[in-house]
$ cat structure_23.cif   # mmCIF, C-alpha atoms
data_query
#
loop_
_atom_site.label_atom_id
_atom_site.label_comp_id
_atom_site.auth_asym_id
_atom_site.auth_seq_id
_atom_site.Cartn_x
_atom_site.Cartn_y
_atom_site.Cartn_z
CA MET A 1 8.42 22.03 -24.13
CA LEU A 2 11.19 24.54 -24.53
CA ILE A 3 12.28 23.84 -21.00
CA ARG A 4 12.30 20.13 -21.51
CA ALA A 5 14.33 20.48 -24.69
CA LEU A 6 16.82 22.67 -22.90
CA LEU A 7 17.07 20.26 -20.06
CA PHE A 8 17.85 17.37 -22.28
CA SER A 9 20.22 19.19 -24.53
CA GLY A 10 22.09 20.62 -21.58
CA ILE A 11 23.96 23.81 -21.03
CA GLY A 12 26.71 22.93 -23.48
CA LEU A 13 24.31 23.17 -26.36
CA LEU A 14 22.90 26.37 -24.99
CA SER A 15 26.33 27.99 -25.11
CA GLY A 16 26.64 26.86 -28.67
CA CYS A 17 23.49 28.79 -29.46
CA GLN A 18 24.95 31.99 -28.18
CA GLN A 19 25.29 33.78 -31.43
CA PRO A 20 23.91 36.90 -33.04
CA GLY A 21 20.48 36.59 -34.53
CA MET A 22 19.24 33.89 -32.20
CA ASP A 23 15.51 34.08 -31.93
CA PHE A 24 14.95 33.70 -28.21
CA ASP A 25 16.01 35.45 -25.06
CA PHE A 26 19.11 33.56 -24.10
CA ASP A 27 19.41 34.85 -20.55
CA LYS A 28 15.83 34.13 -19.78
CA ALA A 29 15.99 30.63 -21.21
CA LEU A 30 19.16 29.91 -19.31
CA SER A 31 17.63 31.05 -16.06
CA ILE A 32 14.55 28.87 -16.59
CA ALA A 33 16.69 25.92 -17.51
CA GLN A 34 18.79 26.39 -14.41
CA LYS A 35 15.74 26.63 -12.23
CA ALA A 36 14.34 23.50 -13.80
CA ARG A 37 17.60 21.69 -13.29
CA GLN A 38 17.68 22.79 -9.70
CA ALA A 39 14.12 21.62 -9.24
CA ASN A 40 15.29 18.14 -10.07
CA GLN A 41 17.64 18.27 -7.14
CA SER A 42 16.35 16.78 -3.99
CA ILE A 43 14.70 18.80 -1.28
CA ALA A 44 16.56 18.67 2.02
CA GLU A 45 15.22 16.23 4.61
CA PRO A 46 13.90 18.76 7.15
CA GLU A 47 11.90 20.47 4.42
CA GLU A 48 10.72 17.13 3.10
CA ILE A 49 9.43 16.30 6.58
CA SER A 50 7.65 19.60 7.19
CA MET A 51 6.04 19.45 3.79
CA GLY A 52 4.92 15.88 4.50
CA SER A 53 3.41 16.94 7.84
CA GLY A 54 1.46 19.66 6.07
CA ILE A 55 0.11 17.18 3.54
CA ALA A 56 -0.68 14.72 6.35
CA ALA A 57 -2.68 17.44 8.13
CA ASN A 58 -4.64 17.99 4.92
CA LEU A 59 -5.35 14.29 4.46
CA LEU A 60 -6.52 14.21 8.08
CA GLY A 61 -8.78 17.12 7.22
CA ALA A 62 -10.38 14.91 4.57
CA SER A 63 -10.69 11.92 6.90
CA PRO A 64 -9.97 11.94 10.64
CA LEU A 65 -8.12 9.14 12.42
CA LEU A 66 -10.01 6.09 13.56
CA ALA A 67 -10.66 6.71 17.25
CA ASP A 68 -9.16 3.50 18.54
CA ASP A 69 -5.83 3.76 20.37
CA ARG A 70 -5.25 0.03 20.50
CA VAL A 71 -5.36 -0.66 16.79
CA GLN A 72 -3.51 2.59 16.00
CA GLN A 73 -0.69 1.43 18.28
CA TYR A 74 -0.70 -1.98 16.68
CA VAL A 75 -0.33 -0.58 13.16
CA ASN A 76 2.42 1.76 14.36
CA GLN A 77 4.39 -1.14 15.78
CA VAL A 78 4.10 -3.19 12.60
CA GLY A 79 5.00 -0.17 10.50
CA ARG A 80 7.92 1.00 12.61
CA TRP A 81 9.38 -2.52 12.60
CA VAL A 82 9.08 -2.74 8.82
CA SER A 83 10.63 0.73 8.44
CA LEU A 84 13.79 -0.50 10.17
CA HIS A 85 14.44 -2.62 7.09
CA THR A 86 14.55 0.30 4.70
CA GLU A 87 17.44 2.55 3.73
CA ARG A 88 15.91 5.41 5.75
CA PRO A 89 15.31 3.83 9.17
CA ASP A 90 15.83 7.11 11.03
CA LEU A 91 13.03 9.10 9.46
CA PRO A 92 10.27 10.03 11.92
CA TRP A 93 8.03 7.24 10.65
CA GLN A 94 4.46 7.42 11.89
CA PHE A 95 1.37 5.50 10.91
CA GLY A 96 -2.30 6.27 11.10
CA ILE A 97 -5.55 4.50 10.35
CA LEU A 98 -7.95 6.90 8.69
CA ALA A 99 -11.58 6.46 9.74
CA SER A 100 -12.66 6.37 6.09
CA THR A 101 -14.41 3.26 4.79
CA ASP A 102 -12.75 3.83 1.42
CA VAL A 103 -10.17 1.22 0.46
CA ASN A 104 -6.85 3.03 0.15
CA ALA A 105 -3.45 3.82 1.63
CA PHE A 106 -1.25 6.91 1.37
CA ALA A 107 2.28 8.01 2.11
CA THR A 108 3.45 11.58 2.61
CA PRO A 109 7.03 12.79 2.22
CA GLY A 110 9.17 12.35 5.30
CA GLY A 111 7.59 9.17 6.61
CA THR A 112 3.88 9.48 7.40
CA ILE A 113 1.84 6.49 6.22
CA PHE A 114 -1.94 6.17 6.28
CA ILE A 115 -4.12 3.16 5.74
CA THR A 116 -7.89 3.45 5.70
CA ARG A 117 -10.10 1.47 8.02
CA GLY A 118 -11.80 0.20 4.86
CA LEU A 119 -8.59 -1.41 3.64
CA LEU A 120 -7.42 -2.61 7.06
CA GLN A 121 -10.68 -4.45 7.60
CA ARG A 122 -10.25 -6.31 4.35
CA LEU A 123 -6.79 -7.58 5.25
CA ASP A 124 -6.34 -11.08 6.52
CA ASN A 125 -3.06 -11.11 8.40
CA GLU A 126 -0.04 -9.10 9.54
CA SER A 127 1.98 -9.98 6.43
CA GLU A 128 -0.66 -8.34 4.24
CA LEU A 129 -0.57 -5.24 6.44
CA ALA A 130 3.25 -5.22 6.33
CA GLY A 131 3.10 -5.53 2.54
CA VAL A 132 0.76 -2.57 2.17
CA LEU A 133 2.81 -0.41 4.56
CA ALA A 134 6.07 -1.40 2.83
CA HIS A 135 4.60 -0.42 -0.55
CA GLU A 136 3.73 3.00 0.88
CA MET A 137 7.18 3.34 2.46
CA VAL A 138 8.79 2.99 -0.94
CA HIS A 139 6.95 6.13 -2.08
CA VAL A 140 8.73 7.92 0.77
CA LEU A 141 12.12 6.25 0.21
CA ARG A 142 12.11 7.03 -3.51
CA LYS A 143 10.47 10.45 -3.02
CA HIS A 144 7.78 9.69 -5.58
CA HIS A 145 5.44 12.44 -4.44
CA LEU A 146 8.16 15.06 -4.55
CA ALA A 147 8.99 13.93 -8.07
CA ALA A 148 5.33 14.17 -9.08
CA LEU A 149 5.18 17.66 -7.66
CA GLN A 150 8.40 18.78 -9.26
CA LYS A 151 7.43 17.44 -12.63
CA GLY A 152 5.48 19.05 -15.39
CA ALA A 153 3.27 22.06 -15.19
CA ARG A 154 4.21 23.08 -11.68
CA LEU A 155 7.61 24.39 -12.51
CA GLY A 156 7.05 27.63 -10.65
CA ILE A 157 6.33 25.83 -7.43
CA ALA A 158 9.04 23.32 -8.18
CA SER A 159 11.76 25.91 -8.31
CA ASP A 160 10.40 27.55 -5.16
CA LEU A 161 10.69 24.20 -3.46
CA LEU A 162 14.41 24.49 -3.34
CA GLY A 163 15.80 24.30 0.14
CA GLU A 164 16.49 27.98 0.52
CA ALA A 165 12.99 29.10 -0.29
CA LEU A 166 11.40 26.47 1.94
CA LYS A 167 13.60 27.47 4.83
CA ASP A 168 12.24 31.00 4.74
CA GLU A 169 10.53 32.14 7.86
CA ASN A 170 7.68 33.15 5.66
CA ASN A 171 5.67 30.00 5.12
CA GLN A 172 3.94 30.93 1.90
CA VAL A 173 6.11 28.73 -0.25
CA LEU A 174 5.58 25.78 2.04
CA GLU A 175 1.84 26.40 2.02
CA LYS A 176 1.79 26.47 -1.75
CA ALA A 177 3.83 23.29 -1.90
CA VAL A 178 1.57 21.54 0.60
CA LYS A 179 -1.54 22.48 -1.36
CA ALA A 180 -0.05 21.31 -4.64
CA GLY A 181 1.32 18.26 -2.85
CA THR A 182 -2.12 17.27 -1.57
CA GLU A 183 -3.54 17.45 -5.08
CA VAL A 184 -1.07 14.79 -6.15
CA TYR A 185 -3.13 12.33 -4.07
CA ALA A 186 -6.21 12.99 -6.14
CA ARG A 187 -4.25 12.61 -9.36
CA GLY A 188 -2.09 9.67 -8.45
CA LEU A 189 1.56 8.92 -9.04
CA ASP A 190 3.35 7.74 -12.10
CA LYS A 191 2.49 4.11 -12.96
CA GLU A 192 6.14 3.17 -12.89
CA ASP A 193 6.41 4.52 -9.35
CA GLU A 194 3.59 2.21 -8.27
CA PHE A 195 5.30 -0.77 -9.86
CA GLU A 196 8.54 0.20 -8.16
CA ALA A 197 6.72 0.43 -4.81
CA ASP A 198 5.40 -3.12 -5.32
CA ARG A 199 8.78 -4.45 -6.38
CA MET A 200 10.67 -2.94 -3.46
CA GLY A 201 7.81 -3.32 -0.99
CA ILE A 202 7.74 -7.12 -1.16
CA VAL A 203 11.48 -7.19 -0.43
CA ILE A 204 11.19 -4.83 2.55
CA ALA A 205 8.33 -6.87 4.07
CA THR A 206 10.32 -10.07 3.54
CA ARG A 207 13.38 -8.54 5.22
CA ALA A 208 11.19 -7.75 8.23
CA GLY A 209 10.35 -11.44 8.51
CA TYR A 210 6.95 -11.44 6.83
CA ASP A 211 5.40 -13.59 4.13
CA PRO A 212 6.49 -12.03 0.80
CA PHE A 213 3.10 -12.89 -0.68
CA GLY A 214 1.25 -10.54 1.68
CA LEU A 215 1.18 -7.68 -0.83
CA PRO A 216 0.34 -9.92 -3.84
CA ALA A 217 -2.51 -11.40 -1.80
CA VAL A 218 -3.90 -7.91 -1.19
CA LEU A 219 -3.65 -7.17 -4.91
CA GLN A 220 -5.48 -10.38 -5.70
CA MET A 221 -8.18 -9.40 -3.22
CA LEU A 222 -8.44 -5.98 -4.87
CA GLU A 223 -8.52 -7.56 -8.30
CA ALA A 224 -11.61 -9.50 -7.29
CA GLY A 225 -13.19 -6.21 -6.24
CA ASN A 226 -15.89 -4.68 -8.31
CA ALA A 227 -14.77 -1.72 -10.39
CA GLN A 228 -18.21 -0.20 -9.77
CA ASP A 229 -17.71 -0.20 -6.02
CA SER A 230 -17.40 3.43 -5.00
CA SER A 231 -15.14 2.68 -2.02
CA LEU A 232 -12.50 1.46 -4.49
CA ALA A 233 -12.95 4.29 -6.99
CA LEU A 234 -10.04 6.55 -6.09
CA MET A 235 -7.64 3.67 -5.48
CA PHE A 236 -8.46 2.15 -8.88
CA LYS A 237 -8.22 5.52 -10.59
CA THR A 238 -4.82 6.37 -9.13
CA HIS A 239 -3.14 2.97 -9.49
CA PRO A 240 -2.35 0.61 -12.35
CA ALA A 241 -4.81 -2.30 -12.59
CA PRO A 242 -4.18 -4.98 -9.93
CA ARG A 243 -3.91 -7.47 -12.79
CA ASP A 244 -0.95 -5.62 -14.29
CA ARG A 245 0.71 -5.25 -10.91
CA LEU A 246 0.29 -8.97 -10.24
CA GLY A 247 1.65 -9.76 -13.69
CA LEU A 248 4.86 -7.88 -12.92
CA LEU A 249 5.26 -9.43 -9.48
CA ASP A 250 4.64 -12.85 -11.01
CA LYS A 251 7.56 -12.32 -13.39
CA LEU A 252 9.81 -10.94 -10.66
CA MET A 253 9.12 -13.36 -7.86
CA GLY A 254 9.15 -16.70 -9.67
CA ASN A 255 9.83 -19.37 -7.08
CA ARG A 256 12.60 -17.58 -5.22
CA PHE A 257 10.36 -16.43 -2.39
CA ASP A 258 8.95 -19.88 -1.70
CA ASP A 259 10.97 -20.54 1.42
CA TYR A 260 9.86 -17.50 3.36
CA THR A 261 6.91 -17.75 5.69
CA ALA A 262 5.76 -15.58 8.57
CA PRO A 263 5.64 -16.89 12.14
CA THR A 264 2.14 -18.04 13.10
CA GLN A 265 2.28 -15.70 16.10
CA THR A 266 1.74 -12.81 13.70
CA ASP A 267 -1.52 -14.36 12.48
CA LYS A 268 -2.79 -14.74 16.02
CA ARG A 269 -1.82 -11.21 16.85
CA PHE A 270 -3.53 -9.75 13.79
CA ASN A 271 -6.61 -11.74 14.57
CA SER A 272 -6.92 -10.36 18.10
CA GLU A 273 -5.78 -6.80 17.35
CA VAL A 274 -7.64 -6.25 14.10
CA SER A 275 -9.99 -9.00 12.89
CA GLN A 276 -11.74 -9.57 16.22
CA HIS A 277 -11.24 -6.08 17.52
CA LEU A 278 -12.29 -3.71 14.76
CA MET B 1 -4.58 -21.01 9.01
CA LEU B 2 -6.58 -19.18 6.45
CA ALA B 3 -9.31 -21.75 6.38
CA CYS B 4 -12.71 -20.61 5.34
CA LEU B 5 -14.13 -20.21 8.82
CA ALA B 6 -16.69 -17.63 7.96
CA ALA B 7 -19.30 -20.12 6.73
CA PRO B 8 -22.03 -19.87 5.57
CA ALA B 9 -20.86 -16.67 3.84
CA CYS B 10 -17.90 -18.66 2.62
CA ALA B 11 -18.00 -18.18 -1.13
CA GLU B 12 -15.24 -19.42 -3.38
CA GLN B 13 -13.42 -16.87 -5.44
CA PRO B 14 -13.40 -17.54 -9.17
CA ALA B 15 -10.07 -17.26 -10.97
CA TYR B 16 -8.36 -18.53 -14.09
CA THR B 17 -4.86 -19.70 -14.94
CA VAL B 18 -2.50 -17.43 -16.88
CA ARG B 19 -0.32 -20.40 -17.84
CA SER B 20 -0.35 -24.14 -17.74
CA THR B 21 0.16 -25.09 -14.12
CA GLU B 22 0.33 -28.17 -11.89
CA ILE B 23 -2.11 -28.87 -9.10
CA LYS B 24 -0.12 -30.11 -6.11
CA GLN B 25 -1.26 -32.24 -3.22
CA GLN B 26 0.50 -29.89 -0.78
CA PRO B 27 1.58 -26.24 -1.04
CA PHE B 28 5.17 -27.09 -2.04
CA SER B 29 6.76 -27.35 -5.46
CA ASP B 30 8.11 -30.84 -4.72
CA ALA B 31 4.75 -32.20 -3.55
CA ALA B 32 2.97 -34.83 -5.63
CA THR B 33 1.15 -33.54 -8.70
CA VAL B 34 -2.60 -34.14 -8.67
CA ALA B 35 -3.36 -32.89 -12.17
CA ARG B 36 -2.30 -30.31 -14.70
CA LEU B 37 -4.35 -27.24 -15.60
CA ASN B 38 -4.15 -25.71 -19.06
CA GLU B 39 -3.76 -22.01 -19.58
CA ASN B 40 -7.01 -20.13 -19.15
CA ALA B 41 -8.63 -22.86 -17.07
CA GLY B 42 -11.29 -21.77 -14.58
CA VAL B 43 -10.75 -22.59 -10.90
CA ASN B 44 -12.19 -21.57 -7.55
CA ILE B 45 -9.88 -20.30 -4.83
CA VAL B 46 -10.68 -21.71 -1.41
CA THR B 47 -7.82 -20.44 0.72
CA ARG B 48 -4.25 -19.14 0.61
CA ARG B 49 -1.03 -20.13 2.30
CA GLY B 50 2.09 -18.13 1.48
CA GLY B 51 2.56 -18.15 -2.29
CA TRP B 52 0.07 -20.98 -2.75
CA VAL B 53 -3.70 -21.16 -2.97
CA ARG B 54 -5.93 -24.17 -2.51
CA ILE B 55 -8.32 -24.52 -5.40
CA THR B 56 -11.14 -26.66 -6.68
CA SER B 57 -11.49 -27.27 -10.42
CA LYS B 58 -12.88 -29.68 -12.96
CA ALA B 59 -9.39 -31.12 -13.41
CA GLY B 60 -8.93 -31.74 -9.69
CA ASN B 61 -8.49 -30.12 -6.31
CA GLY B 62 -5.27 -29.12 -4.58
CA TRP B 63 -2.70 -26.34 -4.40
CA VAL B 64 -1.45 -24.11 -7.21
CA ARG B 65 0.92 -21.15 -7.23
CA MET B 66 -0.99 -18.02 -6.34
CA LEU B 67 0.63 -15.92 -9.05
CA SER B 68 -0.29 -18.35 -11.81
CA LEU B 69 -3.89 -17.23 -11.24
CA ARG B 70 -5.77 -14.02 -11.90
CA GLY B 71 -9.14 -13.23 -10.45
CA SER B 72 -12.11 -13.44 -12.77
CA SER B 73 -13.89 -10.15 -13.16
CA THR B 74 -17.06 -9.98 -11.18
CA ALA B 75 -18.21 -6.57 -12.28
CA THR B 76 -20.87 -7.88 -14.62
CA ARG B 77 -22.46 -10.14 -12.07
CA ARG B 78 -22.49 -8.16 -8.88
CA GLY B 79 -23.58 -4.79 -7.67
CA ASP B 80 -21.91 -2.57 -5.11
CA SER B 81 -22.68 -4.93 -2.28
CA GLY B 82 -21.31 -7.96 -4.05
CA LEU B 83 -17.86 -7.00 -2.97
CA GLN B 84 -18.44 -7.94 0.62
CA SER B 85 -18.94 -11.62 -0.02
CA LEU B 86 -15.85 -11.67 -2.20
CA PHE B 87 -13.79 -10.17 0.56
CA ASN B 88 -14.99 -12.92 2.84
CA VAL B 89 -13.29 -15.57 0.79
CA GLY B 90 -10.71 -17.32 2.88
CA ARG B 91 -10.92 -14.61 5.44
CA SER B 92 -11.32 -15.48 9.05
CA GLY B 93 -12.73 -13.59 11.99
CA SER B 94 -14.99 -10.63 11.62
CA SER B 95 -12.79 -8.68 9.22
CA GLY B 96 -15.10 -9.32 6.29
CA ILE B 97 -17.81 -7.21 7.83
CA THR B 98 -18.33 -3.88 6.21
CA VAL B 99 -19.41 -1.17 8.57
CA ALA B 100 -22.75 0.32 7.65
CA THR B 101 -21.87 3.83 8.70
CA GLY B 102 -18.52 5.46 8.34
CA VAL B 103 -16.58 8.39 7.08
CA ARG B 104 -15.81 8.45 3.40
CA GLY B 105 -14.10 11.76 2.82
CA LEU B 106 -11.45 10.54 0.41
CA SER B 107 -12.86 11.25 -2.99
CA GLU B 108 -10.88 13.26 -5.49
CA GLU B 109 -12.89 16.37 -4.61
CA ASP B 110 -12.46 15.82 -0.88
CA LEU B 111 -8.71 15.68 -1.31
CA LYS B 112 -8.56 18.78 -3.47
CA ASN B 113 -10.60 20.79 -0.96
CA ALA B 114 -9.13 19.37 2.23
CA GLN B 115 -8.33 21.80 5.04
CA PRO B 116 -5.55 20.94 7.50
CA ASP B 117 -6.57 19.34 10.78
CA THR B 118 -3.68 20.00 13.16
CA ARG B 119 -5.36 18.39 16.17
CA GLU B 120 -5.58 15.09 14.34
CA LEU B 121 -1.97 15.53 13.28
CA GLU B 122 -0.97 15.86 16.93
CA LYS B 123 -2.84 12.68 17.78
CA LEU B 124 -1.05 10.93 14.95
CA GLN B 125 2.32 12.01 16.29
CA ASN B 126 1.43 10.62 19.70
CA TYR B 127 0.81 7.18 18.22
CA ALA B 128 4.34 6.91 16.82
CA VAL B 129 6.56 4.30 18.49
CA ASN B 130 10.34 4.20 18.82
CA LYS B 131 12.76 1.62 17.42
CA ALA B 132 13.21 -0.23 20.70
CA ARG B 133 9.50 -0.76 21.03
CA ALA B 134 9.23 -1.92 17.42
CA GLU B 135 12.04 -4.41 17.98
CA ARG B 136 10.35 -5.77 21.08
CA PHE B 137 7.11 -6.09 19.15
CA ALA B 138 8.91 -8.13 16.47
CA ARG B 139 10.58 -10.40 19.03
CA ASP B 140 7.22 -11.05 20.71
CA ALA B 141 5.98 -12.69 17.51
CA LYS B 142 9.33 -14.33 16.66
CA LEU B 143 9.78 -12.19 13.54
CA LYS B 144 13.35 -12.61 12.33
CA PRO B 145 15.05 -10.11 10.01
CA ARG B 146 16.41 -11.46 6.72
CA LYS B 147 19.02 -10.12 4.37
CA LEU B 148 17.66 -9.65 0.89
CA ASP B 149 18.54 -7.34 -2.00
CA TYR B 150 15.98 -5.42 -3.98
CA LEU B 151 14.89 -7.05 -7.22
CA PRO B 152 16.04 -5.62 -10.54
CA PRO B 153 13.24 -3.89 -12.48
CA GLY B 154 13.09 -6.32 -15.39
CA GLY B 155 12.75 -9.47 -13.37
CA ASN B 156 15.73 -11.19 -14.95
CA SER B 157 18.57 -11.87 -12.59
#
$ encode --input "structure_23.cif" --output "structure tokens"
Amino acid sequence: MLIRALLFSGIGLLSGCQQPGMDFDFDKALSIAQKARQANQSIAEPEEISMGSGIAANLLGASPLLADDRVQQYVNQVGRWVSLHTERPDLPWQFGILASTDVNAFATPGGTIFITRGLLQRLDNESELAGVLAHEMVHVLRKHHLAALQKGARLGIASDLLGEALKDENNQVLEKAVKAGTEVYARGLDKEDEFEADRMGIVIATRAGYDPFGLPAVLQMLEAGNAQDSSLALMFKTHPAPRDRLGLLDKLMGNRFDDYTAPTQTDKRFNSEVSQHL
Amino acid sequence: MLACLAAPACAEQPAYTVRSTEIKQQPFSDAATVARLNENAGVNIVTRRGGWVRITSKAGNGWVRMLSLRGSSTATRRGDSGLQSLFNVGRSGSSGITVATGVRGLSEEDLKNAQPDTRELEKLQNYAVNKARAERFARDAKLKPRKLDYLPPGGNS
């Protein structure tokens, strides 16, 4: 609380407090405030990528990849194409289908995106897949997981996450960050970050030539899902209700996406690579 | 086409309108109007095309805007397995089939206790494709890039 107050009031106010009789340790407070301020700075890209790889390795420890080269390649091609329509096209984007029958998708910092077999099997066409991947890409573009990690109770780790510490030969800081980072996936991101990922994701998928309604269609499919279904449990717990997400997209999209459709070739391709194949 | 090919498992998906909305003969806003649905009217979704869904209702059958509908909750009527038939709605091919055996591994606990699997990570890296390949893949399906700005958060622009 103290830290937050200091952050908002800024250093100027702190200097104003520098007077005899003040009832807290000024130097200590200043140093914490500075650390906290620094923690809000962005982590450099190489560190972002190595942290993301560490988290990806952990997620793969929870569920291995689906052992199917053909469909893995297919998803990578869709994803890499979509990624070219983001503001970070040169990240080392890579995509993996997790063997899990759970319905979910994940992004790790630096450009690794996972979709579960359970979700992929419930999709109907390439535009829906593009919509899901684009939503996940926004978490990377906007660094939502890094923000979640840097926020709140994990201030100690957050300040260690500064470039210099992460660059250390000694990997302890990175390890700590990766462990804390993986826990974010069990907790979920900020609701607003999920809404932002929907809002930007539909635009990215549309830029790549897909049907803008791919992601909304997936949300409508999820909405019809049973809240008691255990394969949806974590996804429902860590995301705003599909109904609320659809409500926001409804307001945003209006009729201005009506003229965009996806080429029918993408439907055929999805059908042979996923629907008939998996 | 997203026709309901998966008969006989082809159930219709119940939904309701969140506002008064027109039922159109075709999935276009300038198509002829078949009937008008009041807010909170029950419909059944048969299939989807772009931002439109084909519905059946007491008021009439035709196309309505997908986002003027919300799915009716099914939790009270179906158990765990009920989901599968819902996922089959309007879904072609074999994608509606739920595999009987499979890895779960993604519960909250699983994620908290996960240990890194570097061999799987290596495999993942080998699946990555370069830009040129992605561009070729897009051309193969006639996907054309479009210029489009992000939407403002509030939805008013």
$ residues_around --input "structure_23.cif" --residues "Arg136 in chain B" --least-positions-apart "5" --cutoff "12 Å" --atoms "only C-alpha atoms" --output "list in words"
Gln77, Val78, Arg80 and Trp81 of chain A; Val129, Asn130, Lys131, Ala141, Lys142, Leu143 and Lys144 of chain B
$ closest_residue --input "structure_23.cif" --among "A:Ala57, A:Met235, A:Leu215, A:Ile115" --to "chain B" --atoms "only C-alpha atoms"
A:Ala57
$ atom_distance --input "structure_23.cif" --atom1 "CA of Ser20 in chain B" --atom2 "CA of Leu248 in chain A"
17.7 Å
$ atom_distance --input "structure_23.cif" --atom1 "CA of Glu12 in chain B" --atom2 "CA of Ile202 in chain A"
26.2 Å
$ atom_distance --input "structure_23.cif" --atom1 "CA of Thr33 in chain B" --atom2 "CA of Arg70 in chain B"
21.0 Å
$ residues_around --input "structure_23.cif" --residues "Thr21 in chain B" --least-positions-apart "2" --cutoff "8 Å" --atoms "all atoms listed in the file" --output "number ranges by chain"
B: 17, 19, 23, 36-39, 64-65, 68
$ residues_around --input "structure_23.cif" --residues "range 82-90 of chain A" --least-positions-apart "3" --cutoff "9 Å" --atoms "all atoms listed in the file" --output "number ranges by chain"
A: 77-79, 93, 130, 133-134, 137-138, 141, 204-205, 207-209; B: 131, 134-135, 145
$ closest_residue --input "structure_23.cif" --among "A:Leu149, A:Ala99, A:Ala105, A:Ala217" --to "Lys179 in chain A" --atoms "only C-alpha atoms"
A:Leu149
$ resolve_selection --input "structure_23.cif" --expression "the PyMOL selection byres ((chain A and resi 256) around 12)" --output "list of chain:residue names"
A:Val203, A:Thr206, A:Pro212, A:Phe213, A:Leu249, A:Asp250, A:Lys251, A:Leu252, A:Met253, A:Gly254, A:Asn255, A:Phe257, A:Asp258, A:Asp259, A:Tyr260, B:Ser29, B:Gly51, B:Leu148, B:Leu151, B:Gly155, B:Ser157
$ residues_around --input "structure_23.cif" --residues "Asp68 in chain A" --least-positions-apart "2" --cutoff "12 Å" --atoms "all atoms listed in the file" --output "list in words"
Pro64, Leu65, Leu66, Arg70, Val71, Gln72, Gln73, Tyr74, Val75, Gly96, Ile97, Leu98, Ala99, Arg117, Glu273, Val274, His277 and Leu278 of chain A; Lys123, Leu124 and Tyr127 of chain B
$ residues_around --input "structure_23.cif" --residues "Thr261 in chain A" --least-positions-apart "5" --cutoff "7 Å" --atoms "only C-alpha atoms" --output "mmCIF file with C-alpha atoms, keeping the file's coordinate frame"
data_model
loop_
_atom_site.group_PDB
_atom_site.id
_atom_site.type_symbol
_atom_site.label_atom_id
_atom_site.label_comp_id
_atom_site.auth_asym_id
_atom_site.auth_seq_id
_atom_site.Cartn_x
_atom_site.Cartn_y
_atom_site.Cartn_z
ATOM 1 C CA TYR A 210 6.950 -11.440 6.830
ATOM 2 C CA ASP A 211 5.400 -13.590 4.130
ATOM 3 C CA GLY B 50 2.090 -18.130 1.480
#
$ axis_aligned_box --input "structure_23.cif" --around "range 131-139 of chain B" --padding-each-side "6 Å" --output "lines of an AutoDock Vina configuration file"
center_x = 10.2
center_y = -4.4
center_z = 18.8
size_x = 18.1
size_y = 24.0
size_z = 16.6
$ closest_residue --input "structure_23.cif" --among "A:Ala44, A:Ser50, A:Ser127, A:Phe106" --to "Lys268 in chain A" --atoms "only C-alpha atoms"
A:Ser127
$ resolve_selection --input "structure_23.cif" --expression "the PyMOL selection byres ((chain B and resi 106) around 7)" --output "JSON list (two decimals) with C-alpha atoms, in the frame of the given file"
[["chain", "number", "residue", "atom", "x", "y", "z"],
["A", 62, "ALA", "CA", -10.38, 14.91, 4.57],
["A", 63, "SER", "CA", -10.69, 11.92, 6.90],
["A", 102, "ASP", "CA", -12.75, 3.83, 1.42],
["B", 104, "ARG", "CA", -15.81, 8.45, 3.40],
["B", 105, "GLY", "CA", -14.10, 11.76, 2.82],
["B", 107, "SER", "CA", -12.86, 11.25, -2.99],
["B", 108, "GLU", "CA", -10.88, 13.26, -5.49],
["B", 110, "ASP", "CA", -12.46, 15.82, -0.88],
["B", 111, "LEU", "CA", -8.71, 15.68, -1.31]]
$ closest_residue --input "structure_23.cif" --among "A:Ala148, A:Leu222, A:Leu189, A:Glu175" --to "Gln13 in chain B" --atoms "all atoms listed in the file"
A:Leu222
$ closest_residue --input "structure_23.cif" --among "B:Arg146, B:Asn40, B:Glu122, B:Leu69" --to "chain A" --atoms "only C-alpha atoms"
B:Arg146
$ resolve_selection --input "structure_23.cif" --expression "the PyMOL selection byres ((chain A and resi 144) around 10)" --output "count of residues only"
22
$ closest_residue --input "structure_23.cif" --among "A:Glu223, A:Asp198, A:Glu136, A:Glu126" --to "chain B" --atoms "only C-alpha atoms"
A:Glu223
$ decode --input "structure_23.cif" --residues "range 101-119 of chain B" --atoms "C-alpha atoms" --output "JSON list (two decimals), in the first residue's frame"
[["chain", "number", "residue", "atom", "x", "y", "z"],
["B", 101, "THR", "CA", -8.60, -41.06, -23.80],
["B", 102, "GLY", "CA", -6.24, -38.17, -23.64],
["B", 103, "VAL", "CA", -3.91, -36.13, -21.56],
["B", 104, "ARG", "CA", -5.48, -33.59, -19.28],
["B", 105, "GLY", "CA", -2.60, -32.13, -17.32],
["B", 106, "LEU", "CA", -3.74, -28.52, -17.37],
["B", 107, "SER", "CA", -5.53, -28.04, -14.11],
["B", 108, "GLU", "CA", -4.53, -25.24, -11.78],
["B", 109, "GLU", "CA", -2.51, -27.70, -9.68],
["B", 110, "ASP", "CA", -0.81, -29.19, -12.73],
["B", 111, "LEU", "CA", 0.34, -25.76, -13.82],
["B", 112, "LYS", "CA", 1.62, -24.80, -10.38],
["B", 113, "ASN", "CA", 3.65, -28.01, -10.10],
["B", 114, "ALA", "CA", 4.81, -28.27, -13.70],
["B", 115, "GLN", "CA", 8.43, -29.25, -14.32],
["B", 116, "PRO", "CA", 10.15, -28.07, -17.50],
["B", 117, "ASP", "CA", 10.25, -30.47, -20.42],
["B", 118, "THR", "CA", 13.12, -29.28, -22.60],
["B", 119, "ARG", "CA", 12.82, -32.12, -25.13]]
